[in-house]
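Take a look at the structure below.
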Amino acid sequence: MTDAGVRWLRVSRGLYLLGIGTFMLLTTQGVLRWSFWSETLAYWPVILVAIGVRLAFERSPLPGLVLLGPLLVLGTMMYVALRGPGRPEGAGEWLPIRAERPADVSAWTLEGRLALASLDVTSRRLPHGVLLEGRSEEIGRGSVRISEGAGPDIVRVCNTWNDRTPFVLPGARRARCELGVSAAVPLTLDLDLALTTARIDAASGPPSRVAVAGALNDVRLRLGAPPSDVRLDLEGAFNQVVLEVPAATPVRVSREGFLNVVDRKRAGHARTPRDEGADDGPDGAPGYRLSLQGAFNRVVVRSW
């Protein structure tokens, strides 16, 4: 291999690192949603084209053409970023989802075991004897369904292929699910997610506990004023969480892990991302205790 060829390959590698690092910076700073990465995976064949470009030109009389590879990959990523969130590919059939309330259940847990999905949960008044009702779009393998046998006080929603395959194919179509949960019965949220966008509005009935685990998720939690302290556990990597609570509700934070950031953007509270254990509400008032573990997670705390 000629010295010129070595130099062009180094430039090519540098362009990959520079471009991908820039997109990672934009997502960690909240300019791009984490769902950007799952939408970019839909264009994975571009990587094969880029590999073909390198194999074709790295030892040719025109080694500089290996730069077409990173330009093609980064150009595709730029297209996805400028296009914005992906739109549904032809609305599929919406199917109803419903979970009845057993007579002896006084508290319950909603478990989410989802990947490549869009989940919208709202706490509201439901008919007597109903814990959950909503709808899910039918997209074949990957559709969201209620899993049987989770227990009388547990309702589990998961992708239909979760029990049959351990991985997610890049470019799979995003499953969509819209749920209403009962505000009359104490609720615990236990979410294990990957490459998922989740919107949880529990302003009318704050859950007794919230646990979110996984990677590359974009989660928005809108919570009301709790009658007593509520635990919020976030564990994983490359997650972005927006936590919205009433202005007078304290949020106390503890962190473990690597490069986890908490950014407070609340009225009357200075923006201090590293204020461990800070309390931004009245002394002694019930609030939320946020435990953040993992790496490269970003939590934004806002008032509503």
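Within each chain, counting starts at residue 1; across the structure tokens, chains are named A, B, ... in the order shown, with ligands numbered 1 upward in that order.
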
> Mind checking DSSP for segment 51-137 of chain A and telling me the helix (DSSP H, G or I) residues as number ranges by chain?
Replying inline: A: 51-57, 63-83

> Which polymer residues have any atom within 9 Å of an atom of Asp153 of chain A, counting only C-alpha atoms, with same-chain residues fewer than 3 positions away left out, as a PyMOL selection string?
Replying inline: chain A and resi 101-102+105-110+150

Give me a file of those residues, with N, CA and C atoms, as an mmCIF file, in the first residue's frame.
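Contents of selection.cif, as written:
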data_model
loop_
_atom_site.group_PDB
_atom_site.id
_atom_site.type_symbol
_atom_site.label_atom_id
_atom_site.label_comp_id
_atom_site.auth_asym_id
_atom_site.auth_seq_id
_atom_site.Cartn_x
_atom_site.Cartn_y
_atom_site.Cartn_z
ATOM 1 N N ARG A 101 -59.675 -5.042 36.268
ATOM 2 C CA ARG A 101 -59.168 -4.978 37.638
ATOM 3 C C ARG A 101 -59.758 -6.104 38.464
ATOM 4 N N PRO A 102 -58.897 -7.019 38.949
ATOM 5 C CA PRO A 102 -59.399 -8.071 39.843
ATOM 6 C C PRO A 102 -59.991 -7.459 41.115
ATOM 7 N N VAL A 105 -57.507 -6.520 44.106
ATOM 8 C CA VAL A 105 -56.306 -5.743 43.821
ATOM 9 C C VAL A 105 -56.490 -4.306 44.288
ATOM 10 N N SER A 106 -55.603 -3.870 45.199
ATOM 11 C CA SER A 106 -55.657 -2.493 45.706
ATOM 12 C C SER A 106 -54.493 -1.654 45.192
ATOM 13 N N ALA A 107 -53.500 -2.268 44.551
ATOM 14 C CA ALA A 107 -52.374 -1.582 43.927
ATOM 15 C C ALA A 107 -51.864 -2.474 42.799
ATOM 16 N N TRP A 108 -51.255 -1.869 41.790
ATOM 17 C CA TRP A 108 -50.831 -2.681 40.656
ATOM 18 C C TRP A 108 -49.584 -2.093 40.006
ATOM 19 N N THR A 109 -48.973 -2.904 39.141
ATOM 20 C CA THR A 109 -47.735 -2.523 38.458
ATOM 21 C C THR A 109 -47.928 -2.630 36.950
ATOM 22 N N LEU A 110 -47.530 -1.602 36.251
ATOM 23 C CA LEU A 110 -47.493 -1.648 34.790
ATOM 24 C C LEU A 110 -46.053 -1.886 34.367
ATOM 25 N N ALA A 150 -48.570 -12.620 33.923
ATOM 26 C CA ALA A 150 -47.659 -11.760 34.674
ATOM 27 C C ALA A 150 -48.047 -11.651 36.140
#

> atom CA of Leu189 of chain A and atom CA of Gly129 of chain A, how far apart in Å?
Replying inline: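 Going from atom CA of Gly129 of chain A over to atom CA of Leu189 of chain A, I get 19.5 Å.
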
>> Going by DSSP on the backbone, which residues of segment 36-232 of chain A come out as strand (DSSP E or B)? List them as a ChimeraX atom specification.
In response: /A:94-100,108-115,117-124,130-137,144-147,154-159,175-182,187-194,197-202,209-215,218-223,230-232

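As for atom CA of Leu259 of chain A and atom CA of Leu292 of chain A, they are spaced 10.7 Å apart.
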
Can you tell me, as a PDB file with C-alpha atoms, in the first residue's frame, what residues are no more than 12 Å from Gly75 of chain A when counting only C-alpha atoms, ignoring any on the same chain fewer than 2 positions away?
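Written output follows (part.pdb):
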ATOM      1  CA  LEU A  15     -14.028  11.844   9.171  1.00  0.00           C
ATOM      2  CA  TYR A  16     -15.960   8.934  10.690  1.00  0.00           C
ATOM      3  CA  GLY A  19     -18.901  13.075  12.239  1.00  0.00           C
ATOM      4  CA  ILE A  20     -20.217  10.387  14.577  1.00  0.00           C
ATOM      5  CA  PHE A  23     -23.913  13.546  16.297  1.00  0.00           C
ATOM      6  CA  THR A  40     -30.653   5.974  11.388  1.00  0.00           C
ATOM      7  CA  TYR A  43     -30.452   2.888   6.573  1.00  0.00           C
ATOM      8  CA  VAL A  46     -25.413   2.351   3.473  1.00  0.00           C
ATOM      9  CA  ILE A  47     -22.665   0.850   5.646  1.00  0.00           C
ATOM     10  CA  ALA A  50     -19.317   2.429   2.284  1.00  0.00           C
ATOM     11  CA  LEU A  67     -13.597   9.490   1.239  1.00  0.00           C
ATOM     12  CA  LEU A  68     -16.873   8.785  -0.543  1.00  0.00           C
ATOM     13  CA  GLY A  69     -17.564   6.165   2.142  1.00  0.00           C
ATOM     14  CA  PRO A  70     -17.652   8.454   5.205  1.00  0.00           C
ATOM     15  CA  LEU A  71     -19.309  11.210   3.182  1.00  0.00           C
ATOM     16  CA  LEU A  72     -22.091   8.799   2.205  1.00  0.00           C
ATOM     17  CA  VAL A  73     -22.610   7.534   5.792  1.00  0.00           C
ATOM     18  CA  MET A  77     -27.140  10.706   9.107  1.00  0.00           C
ATOM     19  CA  MET A  78     -27.486  14.395   8.273  1.00  0.00           C
ATOM     20  CA  TYR A  79     -30.565  13.619   6.181  1.00  0.00           C
ATOM     21  CA  VAL A  80     -32.191  11.756   9.082  1.00  0.00           C
ATOM     22  CA  ALA A  81     -31.366  14.595  11.493  1.00  0.00           C
ATOM     23  CA  LEU A  82     -32.790  17.308   9.213  1.00  0.00           C
TER      24      LEU A  82
END

>> When you look at Leu290 of chain A with a cut-off of 10 Å (counting only C-alpha atoms), what residues show up, excluding the ones that are within fewer than 3 positions of it in the same chain? I need them as a list in words.
In response: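 Using only C-alpha atoms, the neighbours found are Val210, Ala211, Val230, Arg231, Leu232, Asp233, Leu234, Leu243, Val251, Arg252, Val253, Ser254, Arg255, Val262, Gly277, Gly287, Gln293 and Val299 of chain A.
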
>> To one decimal place in Å, what is the distance between atom CA of Val242 of chain A and atom CA of Leu187 of chain A?
In response: 20.0 Å
